[in-house]
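Quick look at upload_18.cif (mmCIF, C-alpha atoms):
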data_upload
#
loop_
_atom_site.label_atom_id
_atom_site.label_comp_id
_atom_site.auth_asym_id
_atom_site.auth_seq_id
_atom_site.Cartn_x
_atom_site.Cartn_y
_atom_site.Cartn_z
CA MET V 12 48.35 111.80 -6.07
CA ILE V 13 46.96 114.58 -3.90
CA ASN V 14 47.82 117.27 -6.44
CA LYS V 15 45.33 117.09 -9.31
CA LYS V 16 46.97 119.78 -11.44
CA VAL V 17 49.65 118.67 -13.90
CA ARG V 18 51.88 120.88 -16.03
CA LEU V 19 53.79 119.40 -18.96
CA ILE V 20 57.19 120.94 -19.64
CA SER V 21 58.83 119.79 -22.88
CA VAL V 22 62.60 120.11 -23.13
CA PRO V 23 63.77 119.31 -26.70
CA PHE V 24 67.48 118.98 -25.94
CA TRP V 25 70.15 116.56 -27.15
CA MET V 26 73.56 118.06 -26.42
CA GLY V 27 74.00 116.48 -23.00
CA GLY V 28 74.26 113.16 -24.79
CA SER V 29 76.05 114.52 -27.87
CA ARG V 30 73.76 112.40 -30.05
CA ALA V 31 70.88 113.91 -31.97
CA GLY V 32 67.41 112.48 -31.62
CA THR V 33 66.43 113.02 -27.99
CA GLU V 34 65.33 116.55 -28.85
CA LEU V 35 62.44 114.83 -30.67
CA GLY V 36 61.47 112.84 -27.59
CA PRO V 37 59.02 115.27 -25.95
CA GLU V 38 56.91 115.71 -29.07
CA SER V 39 56.89 111.96 -29.70
CA ILE V 40 55.67 111.30 -26.16
CA ILE V 41 52.92 113.90 -26.53
CA GLN V 42 51.90 112.46 -29.90
CA SER V 43 51.58 109.08 -28.18
CA GLY V 44 48.62 110.38 -26.19
CA LEU V 45 50.08 111.66 -22.94
CA ALA V 46 47.75 114.66 -22.53
CA ARG V 47 44.68 112.60 -23.36
CA GLN V 48 45.63 109.92 -20.85
CA ILE V 49 46.28 112.46 -18.10
CA ARG V 50 42.91 114.14 -18.65
CA SER V 51 41.13 110.78 -18.73
CA MET V 52 42.43 110.12 -15.22
CA GLY V 53 40.68 113.23 -13.93
CA PHE V 54 43.69 115.52 -13.75
CA ASP V 55 43.55 119.17 -14.68
CA LEU V 56 46.22 119.70 -17.35
CA VAL V 57 47.03 123.32 -16.58
CA GLY V 58 49.73 123.86 -19.17
CA ASN V 59 51.86 122.36 -21.91
CA SER V 60 54.92 124.51 -22.51
CA GLU V 61 58.13 124.01 -24.45
CA VAL V 62 61.47 125.30 -23.23
CA ASN V 63 63.28 127.32 -25.89
CA CYS V 64 66.48 125.28 -25.67
CA PRO V 65 69.71 125.87 -27.57
CA ARG V 66 69.38 123.76 -30.71
CA HIS V 67 72.89 123.87 -32.16
CA GLY V 68 76.21 123.78 -30.38
CA ALA V 69 79.71 124.47 -31.63
CA LEU V 70 81.10 121.89 -34.03
CA GLU V 71 83.93 121.29 -31.57
CA PRO V 72 82.87 121.55 -27.91
CA LYS V 73 84.97 124.14 -26.09
CA GLN V 74 85.32 121.93 -23.01
CA PRO V 75 85.87 118.32 -24.11
CA LYS V 76 85.54 117.13 -20.51
CA MET V 77 82.10 118.75 -20.30
CA LYS V 78 80.83 118.76 -23.86
CA TYR V 79 78.44 121.56 -24.79
CA PHE V 80 78.73 122.99 -21.29
CA PRO V 81 77.44 126.50 -22.19
CA GLU V 82 74.38 125.00 -23.90
CA VAL V 83 73.67 122.62 -21.01
CA LYS V 84 74.00 125.42 -18.49
CA GLU V 85 71.66 127.68 -20.49
CA MET V 86 69.10 124.90 -20.88
CA SER V 87 69.27 124.09 -17.16
CA GLY V 88 68.47 127.67 -16.20
CA LEU V 89 65.50 127.82 -18.56
CA VAL V 90 64.11 124.49 -17.34
CA GLY V 91 64.67 125.45 -13.72
CA GLU V 92 62.65 128.62 -14.15
CA GLN V 93 59.67 126.80 -15.65
CA VAL V 94 59.75 124.04 -13.04
CA TYR V 95 59.94 126.62 -10.26
CA ARG V 96 56.91 128.45 -11.66
CA ALA V 97 54.96 125.20 -11.99
CA VAL V 98 55.47 124.35 -8.32
CA LEU V 99 54.70 127.94 -7.32
CA ALA V 100 51.34 127.54 -9.10
CA ASP V 101 50.67 124.40 -7.04
CA SER V 102 50.94 122.00 -9.97
CA PHE V 103 52.81 118.76 -10.56
CA PRO V 104 55.63 119.39 -13.07
CA LEU V 105 56.01 116.52 -15.54
CA ILE V 106 59.19 117.28 -17.47
CA LEU V 107 59.69 115.57 -20.83
CA GLY V 108 63.27 115.23 -22.11
CA GLY V 109 65.52 115.41 -23.97
CA ASP V 110 68.61 113.69 -22.63
CA HIS V 111 69.21 113.22 -18.91
CA SER V 112 71.07 116.52 -18.50
CA VAL V 113 67.54 117.98 -18.50
CA ALA V 114 67.27 116.78 -14.90
CA ILE V 115 69.84 119.39 -13.83
CA GLY V 116 67.22 122.02 -14.60
CA SER V 117 64.42 120.00 -13.02
CA LEU V 118 66.31 119.72 -9.74
CA ALA V 119 67.36 123.36 -9.84
CA GLY V 120 63.74 124.49 -10.07
CA LEU V 121 62.52 122.04 -7.45
CA THR V 122 65.14 122.92 -4.86
CA GLY V 123 63.98 126.51 -5.11
CA HIS V 124 60.90 125.26 -3.22
CA TYR V 125 61.98 122.12 -1.38
CA ASN V 126 64.78 122.41 1.17
CA ASN V 127 65.26 118.68 1.62
CA LEU V 128 64.27 116.97 -1.62
CA GLY V 129 64.34 113.19 -2.00
CA VAL V 130 65.31 111.81 -5.42
CA ILE V 131 64.63 108.41 -6.96
CA TRP V 132 66.80 107.91 -10.03
CA PHE V 133 65.71 105.13 -12.41
CA ASP V 134 68.68 104.55 -14.71
CA ALA V 135 70.96 101.90 -16.16
CA HIS V 136 73.81 104.29 -15.35
CA GLY V 137 74.94 106.16 -12.24
CA ASP V 138 75.13 109.68 -13.72
CA LEU V 139 77.66 110.46 -11.01
CA ASN V 140 80.64 111.38 -13.18
CA THR V 141 82.38 114.72 -12.98
CA GLU V 142 84.56 116.58 -15.46
CA ASP V 143 87.54 114.76 -13.92
CA THR V 144 86.12 111.23 -14.11
CA THR V 145 83.93 111.18 -17.23
CA PRO V 146 85.12 108.78 -19.94
CA SER V 147 83.08 110.56 -22.63
CA GLY V 148 82.60 114.19 -21.60
CA ASN V 149 78.85 113.80 -22.15
CA MET V 150 76.95 115.75 -19.53
CA HIS V 151 73.96 113.42 -19.45
CA GLY V 152 76.28 111.25 -17.34
CA MET V 153 76.77 114.01 -14.75
CA PRO V 154 73.42 115.35 -13.46
CA LEU V 155 73.47 113.57 -10.09
CA ALA V 156 77.07 114.66 -9.49
CA ILE V 157 76.12 118.26 -10.32
CA ALA V 158 73.03 118.08 -8.10
CA MET V 159 75.09 116.76 -5.18
CA GLY V 160 77.86 119.33 -5.59
CA LEU V 161 80.60 116.94 -6.71
CA SER V 162 81.66 118.78 -9.87
CA LYS V 163 82.93 122.30 -10.51
CA PHE V 164 79.56 123.13 -12.05
CA LYS V 165 77.07 122.79 -9.20
CA LEU V 166 73.31 123.00 -8.91
CA SER V 167 73.81 126.17 -6.87
CA ASP V 168 75.36 127.85 -9.94
CA ILE V 169 71.92 127.97 -11.55
CA PRO V 170 69.88 131.09 -10.69
CA GLY V 171 66.99 130.29 -8.37
CA ALA V 172 68.27 126.88 -7.31
CA GLY V 173 68.14 125.97 -3.64
CA PRO V 174 70.19 123.55 -1.54
CA LEU V 175 72.26 120.76 -3.05
CA ILE V 176 70.76 117.28 -3.00
CA LYS V 177 71.94 115.32 0.03
CA LYS V 178 73.52 111.93 -0.65
CA GLU V 179 71.33 110.27 1.97
CA ASN V 180 68.22 111.42 0.06
CA VAL V 181 69.18 109.75 -3.25
CA VAL V 182 68.23 106.27 -4.44
CA ILE V 183 69.39 104.83 -7.77
CA ILE V 184 67.31 101.96 -9.20
CA GLY V 185 68.10 99.68 -12.15
CA ALA V 186 71.85 100.33 -12.41
CA ARG V 187 73.89 97.87 -14.44
CA ASP V 188 76.51 99.94 -16.26
CA LEU V 189 78.57 101.93 -13.75
CA ASP V 190 81.95 103.51 -14.44
CA PRO V 191 84.83 102.70 -12.04
CA TYR V 192 84.68 106.07 -10.25
CA GLU V 193 80.90 105.75 -9.80
CA LYS V 194 81.26 102.32 -8.21
CA GLU V 195 83.89 103.62 -5.82
CA PHE V 196 81.86 106.69 -4.91
CA ILE V 197 78.69 104.69 -4.31
CA ARG V 198 80.54 102.26 -2.03
CA ASN V 199 82.55 104.89 -0.13
CA GLU V 200 79.71 107.36 0.37
CA GLY V 201 76.98 104.82 1.05
CA ILE V 202 74.73 105.94 -1.79
CA ALA V 203 71.61 103.78 -1.95
CA CYS V 204 71.90 101.98 -5.28
CA PHE V 205 69.71 99.03 -6.15
CA SER V 206 71.29 97.36 -9.15
CA MET V 207 69.62 94.78 -11.36
CA HIS V 208 71.31 92.17 -9.18
CA ASP V 209 69.42 93.55 -6.18
CA ILE V 210 66.15 93.60 -8.11
CA ASP V 211 66.68 90.01 -9.23
CA ARG V 212 67.57 88.89 -5.71
CA LEU V 213 65.06 90.85 -3.64
CA GLY V 214 62.25 91.52 -6.11
CA MET V 215 60.98 94.93 -7.16
CA LYS V 216 58.43 95.19 -4.34
CA ALA V 217 61.09 94.86 -1.63
CA VAL V 218 63.44 97.22 -3.47
CA MET V 219 60.78 99.89 -3.75
CA GLU V 220 59.77 99.56 -0.11
CA LYS V 221 63.38 100.20 0.89
CA ALA V 222 63.72 103.05 -1.63
CA ILE V 223 60.53 104.74 -0.44
CA GLU V 224 61.66 104.46 3.17
CA ILE V 225 64.98 106.15 2.33
CA VAL V 226 63.60 109.07 0.30
CA SER V 227 60.72 109.68 2.72
CA LYS V 228 62.90 110.10 5.82
CA GLY V 229 62.81 113.79 6.70
CA THR V 230 62.27 115.00 3.14
CA ASP V 231 59.72 117.59 2.08
CA GLY V 232 59.16 116.21 -1.43
CA VAL V 233 60.18 113.34 -3.71
CA HIS V 234 61.27 113.77 -7.32
CA VAL V 235 61.29 110.79 -9.70
CA SER V 236 63.77 110.96 -12.56
CA PHE V 237 63.00 108.20 -15.04
CA ASP V 238 65.57 107.45 -17.73
CA MET V 239 63.96 105.13 -20.25
CA ASP V 240 67.19 103.17 -20.54
CA CYS V 241 66.50 101.74 -17.08
CA LEU V 242 64.14 99.43 -18.95
CA ASP V 243 65.34 96.38 -20.80
CA PRO V 244 66.04 97.22 -24.48
CA THR V 245 63.51 94.57 -25.51
CA GLU V 246 60.90 96.86 -23.94
CA ALA V 247 62.41 100.26 -24.82
CA ALA V 248 64.61 100.16 -27.91
CA GLY V 249 64.43 103.88 -28.65
CA VAL V 250 67.14 105.09 -26.26
CA GLY V 251 70.66 106.30 -26.97
CA THR V 252 72.56 104.13 -24.48
CA PRO V 253 70.72 100.79 -24.17
CA VAL V 254 72.10 98.19 -21.75
CA PRO V 255 70.86 94.57 -21.80
CA GLY V 256 69.28 93.04 -18.73
CA GLY V 257 67.14 95.92 -17.53
CA ILE V 258 63.86 96.40 -15.69
CA SER V 259 60.93 94.52 -17.17
CA TYR V 260 57.60 95.98 -18.22
CA ARG V 261 55.72 94.78 -15.15
CA GLU V 262 58.56 95.59 -12.74
CA ALA V 263 58.55 99.19 -13.96
CA HIS V 264 54.80 99.54 -13.60
CA LEU V 265 54.89 98.03 -10.11
CA ALA V 266 57.67 100.38 -9.02
CA LEU V 267 55.78 103.47 -10.18
CA GLU V 268 52.45 102.23 -8.83
CA LEU V 269 54.01 101.78 -5.40
CA LEU V 270 55.45 105.28 -5.56
CA ALA V 271 52.04 106.68 -6.52
CA GLU V 272 50.48 105.03 -3.48
CA THR V 273 52.75 107.00 -1.14
CA GLY V 274 51.26 110.35 -2.18
CA ARG V 275 54.71 111.88 -1.63
CA VAL V 276 55.89 112.29 -5.22
CA THR V 277 55.96 115.96 -6.18
CA SER V 278 57.41 115.83 -9.70
CA MET V 279 58.79 113.62 -12.46
CA ASP V 280 60.98 113.80 -15.48
CA ILE V 281 61.05 111.24 -18.30
CA VAL V 282 64.16 111.38 -20.43
CA GLU V 283 66.25 109.78 -23.17
CA VAL V 284 63.47 108.82 -25.59
CA ASN V 285 65.08 108.90 -29.04
CA PRO V 286 62.45 108.45 -31.77
CA LEU V 287 65.19 108.05 -34.42
CA LEU V 288 66.16 104.76 -32.75
CA ASP V 289 62.64 103.63 -31.89
CA VAL V 290 60.41 101.09 -33.62
CA GLY V 291 56.85 102.23 -34.27
CA MET V 292 56.94 104.78 -31.41
CA ARG V 293 56.92 101.89 -28.95
CA THR V 294 59.29 103.60 -26.50
CA SER V 295 57.27 106.83 -26.62
CA ARG V 296 54.06 104.95 -25.87
CA LEU V 297 55.82 103.17 -23.03
CA ALA V 298 56.91 106.55 -21.64
CA VAL V 299 53.24 107.56 -21.53
CA GLU V 300 52.45 104.40 -19.58
CA MET V 301 55.25 105.10 -17.10
CA ALA V 302 54.01 108.64 -16.46
CA THR V 303 50.41 107.61 -15.95
CA SER V 304 51.40 104.78 -13.58
CA LEU V 305 53.22 107.30 -11.42
CA LEU V 306 50.16 109.56 -11.54
CA GLY V 307 48.09 106.72 -10.16
CA LYS V 308 46.65 104.77 -13.08
CA ARG V 309 45.61 101.24 -12.09
CA ILE V 310 44.35 98.12 -13.81
CA ILE V 311 41.20 98.19 -11.63
#

Re-express the file's structure as structure tokens.
Amino acid sequence: MINKKVRLISVPFWMGGSRAGTELGPESIIQSGLARQIRSMGFDLVGNSEVNCPRHGALEPKQPKMKYFPEVKEMSGLVGEQVYRAVLADSFPLILGGDHSVAIGSLAGLTGHYNNLGVIWFDAHGDLNTEDTTPSGNMHGMPLAIAMGLSKFKLSDIPGAGPLIKKENVVIIGARDLDPYEKEFIRNEGIACFSMHDIDRLGMKAVMEKAIEIVSKGTDGVHVSFDMDCLDPTEAAGVGTPVPGGISYREAHLALELLAETGRVTSMDIVEVNPLLDVGMRTSRLAVEMATSLLGKRII
């Protein structure tokens, strides 16, 4: 990484997934030694802030097709502001979720600076549902749709956000649980999506080379959004929506190491760590490893 300044932004938020526990994720990751590891790599840790998120929503969400929408929208604006300020101060924002709706705020803040942002989305799911297609109403399944302008609530509705994310600048990696609408949209719109079938068939190295080529073409920055459920549940049990047959420990490290080598990654969020479902903080410790691999940590 060229940028040697890192800013941690903790987002203790659970309402995008409608399941408590992910609000404890940021603190669990920090307790697992993230700051110490970052400093040991020679980075200047210039800040460690916590977003003052809404903590309690209505007992019955007002919009069942977009559960806890007011709270998600408020959180997104607060996250976006902190991410924007981090980039303005020439630092690398490392955003710790919280559920994956946190990424709405991450992308809002980043697009305030980058006009043509590339996005690599590590996830077992597509996160491309809208209020009209969602089977659950949970907004952690919508951030990519919101970022690309597919839903009524768009990234541009957040103060300070810049352009919508272009479909040709998005790559999904590790998908294996896609809803019918998401499959159709990916096929019809030509979204780059490397499923576990592709990883098995091509190997992670080839997948990442293709992904890097796609997100590097004409972009002015690359954001990595890393949902811990992209990993196989045998590696990361402490997530709210585990799906068998995911990315292995070494595949994940290789993917992030290859991204680090490009020097093009400008930001990262790590989401969906749920300590209430974890065993011995194993998933939190693994999240630390994922972050440091992307920041350039190597075996030798």

Can you list, as a PDB file with C-alpha atoms, in the coordinates of the input, every protein, DNA or RNA residue that comes within 10 Å of Cys64 of chain V when you count only C-alpha atoms, leaving out same-chain residues fewer than 6 positions away?
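The resulting file, out-v8.pdb, is reproduced below:
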ATOM      1  CA  SER V  21      58.830 119.790 -22.880  1.00  0.00           C
ATOM      2  CA  VAL V  22      62.600 120.110 -23.130  1.00  0.00           C
ATOM      3  CA  PRO V  23      63.770 119.310 -26.700  1.00  0.00           C
ATOM      4  CA  PHE V  24      67.480 118.980 -25.940  1.00  0.00           C
ATOM      5  CA  TRP V  25      70.150 116.560 -27.150  1.00  0.00           C
ATOM      6  CA  GLU V  34      65.330 116.550 -28.850  1.00  0.00           C
ATOM      7  CA  GLU V  82      74.380 125.000 -23.900  1.00  0.00           C
ATOM      8  CA  VAL V  83      73.670 122.620 -21.010  1.00  0.00           C
ATOM      9  CA  GLU V  85      71.660 127.680 -20.490  1.00  0.00           C
ATOM     10  CA  MET V  86      69.100 124.900 -20.880  1.00  0.00           C
ATOM     11  CA  SER V  87      69.270 124.090 -17.160  1.00  0.00           C
ATOM     12  CA  GLY V  88      68.470 127.670 -16.200  1.00  0.00           C
ATOM     13  CA  LEU V  89      65.500 127.820 -18.560  1.00  0.00           C
ATOM     14  CA  VAL V  90      64.110 124.490 -17.340  1.00  0.00           C
TER      15      VAL V  90
END

Inset, instruction - Within 9 Å of Lys16 of chain V, counting only C-alpha atoms, which residues show up once you throw out same-chain ones fewer than 4 positions away? Write them as an MDAnalysis selection string, please. - result: chainID V and resid 54:57 101:104

Legend entry - Selection under test: the PyMOL selection byres ((chain V and resi 284) around 12); residues as a ChimeraX atom specification: /V:22-25,28,30-41,107-111,237-242,244,247-253,280-283,285-290,292-299

Inset, instruction - Between atom CA of Leu161 of chain V and atom CA of Thr141 of chain V, measure the distance and give it in Å to one decimal. - result: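 Computing the Euclidean distance for atom CA of Leu161 of chain V and atom CA of Thr141 of chain V yields 6.9 Å.
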
Inset, instruction - Find the distance between atom CA of Glu200 of chain V and atom CA of Thr144 of chain V and write it in Å to one decimal. - result: 16.3 Å

Legend entry - Distance criterion (all atoms listed in the file): nearest to Lys84 of chain V out of V:Val113, V:Val276, V:Ala97, V:Leu213: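 Going through V:Val113, V:Val276, V:Ala97, V:Leu213 one by one, the smallest distance to Lys84 of chain V is for V:Val113.
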
Legend entry - Nearest-residue call for Arg309 of chain V, choices V:His264, V:Leu270, V:Ser167, V:Met279, using all atoms listed in the file: V:His264

Inset, instruction - Using all atoms listed in the file, pick whichever of V:Pro255, V:Gly91, V:Gly185, V:Pro75 has the shortest atom-to-atom distance to Ala222 of chain V. - result: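 Among the listed residues, the smallest separation from Ala222 of chain V belongs to V:Gly185.
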
Inset, instruction - Find the spatial neighbours of Lys177 of chain V, counting all atoms listed in the file, within a cut-off of 12 Å - ignore same-chain residues fewer than 4 positions away - and output them as number ranges by chain. - result: V: 122, 126-130, 155-161, 166, 173, 181-182, 200-203, 225-226, 228-230

Inset, instruction - Please check which residues have atoms at most 8 Å from (68.9, 98.5, -7.1) in the file's coordinates, counting only C-alpha atoms, and write them as a list in words. - result: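 Result, sorted by chain then residue number: Ile183, Ile184, Gly185, Ala186, Ala203, Cys204, Phe205, Ser206, Met207, His208, Asp209, Ile210 and Val218 of chain V.
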
Legend entry - Residues selected by the PyMOL selection byres ((chain V and resi 53) around 12), written as a VMD selection string: chain V and resid 12 to 17 46 to 52 54 to 56 303 306 to 308

Legend entry - Distance in Å - atom CA of His124 of chain V versus atom CA of Glu61 of chain V: 21.4 Å

Legend entry - Selected residue, from V:Tyr79, V:Tyr95, V:Tyr125, V:Phe133, that lies nearest to Glu262 of chain V when counting all atoms listed in the file: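 Closest to Glu262 of chain V, using all atoms listed in the file: V:Phe133.
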
Mind rebuilding segment 110-121 of chain V with all heavy atoms and writing that out as a PDB file, keeping the file's coordinate frame?
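Written file, out_37.pdb:
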ATOM      1  N   ASP V 110      67.697 114.595 -23.306  1.00  0.00           N
ATOM      2  CA  ASP V 110      68.610 113.690 -22.630  1.00  0.00           C
ATOM      3  C   ASP V 110      68.599 113.982 -21.130  1.00  0.00           C
ATOM      4  O   ASP V 110      67.961 114.930 -20.677  1.00  0.00           O
ATOM      5  CB  ASP V 110      70.015 113.802 -23.244  1.00  0.00           C
ATOM      6  CG  ASP V 110      70.653 115.157 -22.992  1.00  0.00           C
ATOM      7  OD1 ASP V 110      70.981 115.450 -21.823  1.00  0.00           O
ATOM      8  OD2 ASP V 110      70.820 115.928 -23.954  1.00  0.00           O
ATOM      9  N   HIS V 111      69.350 113.156 -20.366  1.00  0.00           N
ATOM     10  CA  HIS V 111      69.210 113.220 -18.910  1.00  0.00           C
ATOM     11  C   HIS V 111      69.831 114.464 -18.292  1.00  0.00           C
ATOM     12  O   HIS V 111      69.614 114.742 -17.107  1.00  0.00           O
ATOM     13  CB  HIS V 111      69.770 111.954 -18.248  1.00  0.00           C
ATOM     14  CG  HIS V 111      68.993 111.535 -17.037  1.00  0.00           C
ATOM     15  ND1 HIS V 111      69.022 110.263 -16.518  1.00  0.00           N
ATOM     16  CD2 HIS V 111      68.138 112.222 -16.242  1.00  0.00           C
ATOM     17  CE1 HIS V 111      68.242 110.195 -15.461  1.00  0.00           C
ATOM     18  NE2 HIS V 111      67.700 111.376 -15.270  1.00  0.00           N
ATOM     19  N   SER V 112      70.586 115.253 -19.053  1.00  0.00           N
ATOM     20  CA  SER V 112      71.070 116.520 -18.500  1.00  0.00           C
ATOM     21  C   SER V 112      69.909 117.461 -18.191  1.00  0.00           C
ATOM     22  O   SER V 112      70.062 118.403 -17.406  1.00  0.00           O
ATOM     23  CB  SER V 112      72.051 117.186 -19.472  1.00  0.00           C
ATOM     24  OG  SER V 112      71.411 117.606 -20.670  1.00  0.00           O
ATOM     25  N   VAL V 113      68.755 117.202 -18.786  1.00  0.00           N
ATOM     26  CA  VAL V 113      67.540 117.980 -18.500  1.00  0.00           C
ATOM     27  C   VAL V 113      67.236 117.982 -17.003  1.00  0.00           C
ATOM     28  O   VAL V 113      66.722 118.965 -16.459  1.00  0.00           O
ATOM     29  CB  VAL V 113      66.356 117.381 -19.295  1.00  0.00           C
ATOM     30  CG1 VAL V 113      65.018 117.871 -18.770  1.00  0.00           C
ATOM     31  CG2 VAL V 113      66.513 117.708 -20.777  1.00  0.00           C
ATOM     32  N   ALA V 114      67.583 116.898 -16.323  1.00  0.00           N
ATOM     33  CA  ALA V 114      67.270 116.780 -14.900  1.00  0.00           C
ATOM     34  C   ALA V 114      68.030 117.787 -14.049  1.00  0.00           C
ATOM     35  O   ALA V 114      67.617 118.083 -12.924  1.00  0.00           O
ATOM     36  CB  ALA V 114      67.564 115.364 -14.408  1.00  0.00           C
ATOM     37  N   ILE V 115      69.141 118.324 -14.557  1.00  0.00           N
ATOM     38  CA  ILE V 115      69.840 119.390 -13.830  1.00  0.00           C
ATOM     39  C   ILE V 115      68.887 120.563 -13.620  1.00  0.00           C
ATOM     40  O   ILE V 115      68.772 121.112 -12.528  1.00  0.00           O
ATOM     41  CB  ILE V 115      71.097 119.840 -14.594  1.00  0.00           C
ATOM     42  CG1 ILE V 115      72.054 118.673 -14.823  1.00  0.00           C
ATOM     43  CG2 ILE V 115      71.796 120.974 -13.843  1.00  0.00           C
ATOM     44  CD1 ILE V 115      73.181 118.993 -15.808  1.00  0.00           C
ATOM     45  N   GLY V 116      68.186 120.932 -14.687  1.00  0.00           N
ATOM     46  CA  GLY V 116      67.220 122.020 -14.600  1.00  0.00           C
ATOM     47  C   GLY V 116      66.027 121.663 -13.733  1.00  0.00           C
ATOM     48  O   GLY V 116      65.538 122.495 -12.947  1.00  0.00           O
ATOM     49  N   SER V 117      65.548 120.432 -13.861  1.00  0.00           N
ATOM     50  CA  SER V 117      64.420 120.000 -13.020  1.00  0.00           C
ATOM     51  C   SER V 117      64.752 120.166 -11.553  1.00  0.00           C
ATOM     52  O   SER V 117      63.980 120.745 -10.775  1.00  0.00           O
ATOM     53  CB  SER V 117      64.091 118.524 -13.298  1.00  0.00           C
ATOM     54  OG  SER V 117      63.755 118.306 -14.642  1.00  0.00           O
ATOM     55  N   LEU V 118      65.923 119.667 -11.153  1.00  0.00           N
ATOM     56  CA  LEU V 118      66.310 119.720  -9.740  1.00  0.00           C
ATOM     57  C   LEU V 118      66.591 121.143  -9.289  1.00  0.00           C
ATOM     58  O   LEU V 118      66.312 121.504  -8.137  1.00  0.00           O
ATOM     59  CB  LEU V 118      67.519 118.817  -9.503  1.00  0.00           C
ATOM     60  CG  LEU V 118      67.250 117.322  -9.692  1.00  0.00           C
ATOM     61  CD1 LEU V 118      68.545 116.528  -9.636  1.00  0.00           C
ATOM     62  CD2 LEU V 118      66.272 116.808  -8.637  1.00  0.00           C
ATOM     63  N   ALA V 119      67.125 121.960 -10.188  1.00  0.00           N
ATOM     64  CA  ALA V 119      67.360 123.360  -9.840  1.00  0.00           C
ATOM     65  C   ALA V 119      66.041 124.053  -9.490  1.00  0.00           C
ATOM     66  O   ALA V 119      65.938 124.755  -8.476  1.00  0.00           O
ATOM     67  CB  ALA V 119      68.053 124.080 -10.989  1.00  0.00           C
ATOM     68  N   GLY V 120      65.036 123.864 -10.330  1.00  0.00           N
ATOM     69  CA  GLY V 120      63.740 124.490 -10.070  1.00  0.00           C
ATOM     70  C   GLY V 120      63.067 123.953  -8.826  1.00  0.00           C
ATOM     71  O   GLY V 120      62.460 124.710  -8.051  1.00  0.00           O
ATOM     72  N   LEU V 121      63.181 122.658  -8.603  1.00  0.00           N
ATOM     73  CA  LEU V 121      62.520 122.040  -7.450  1.00  0.00           C
ATOM     74  C   LEU V 121      63.149 122.467  -6.139  1.00  0.00           C
ATOM     75  O   LEU V 121      62.451 122.720  -5.155  1.00  0.00           O
ATOM     76  CB  LEU V 121      62.559 120.515  -7.581  1.00  0.00           C
ATOM     77  CG  LEU V 121      61.723 119.932  -8.718  1.00  0.00           C
ATOM     78  CD1 LEU V 121      62.090 118.476  -8.966  1.00  0.00           C
ATOM     79  CD2 LEU V 121      60.228 120.066  -8.427  1.00  0.00           C
TER      80      LEU V 121
END
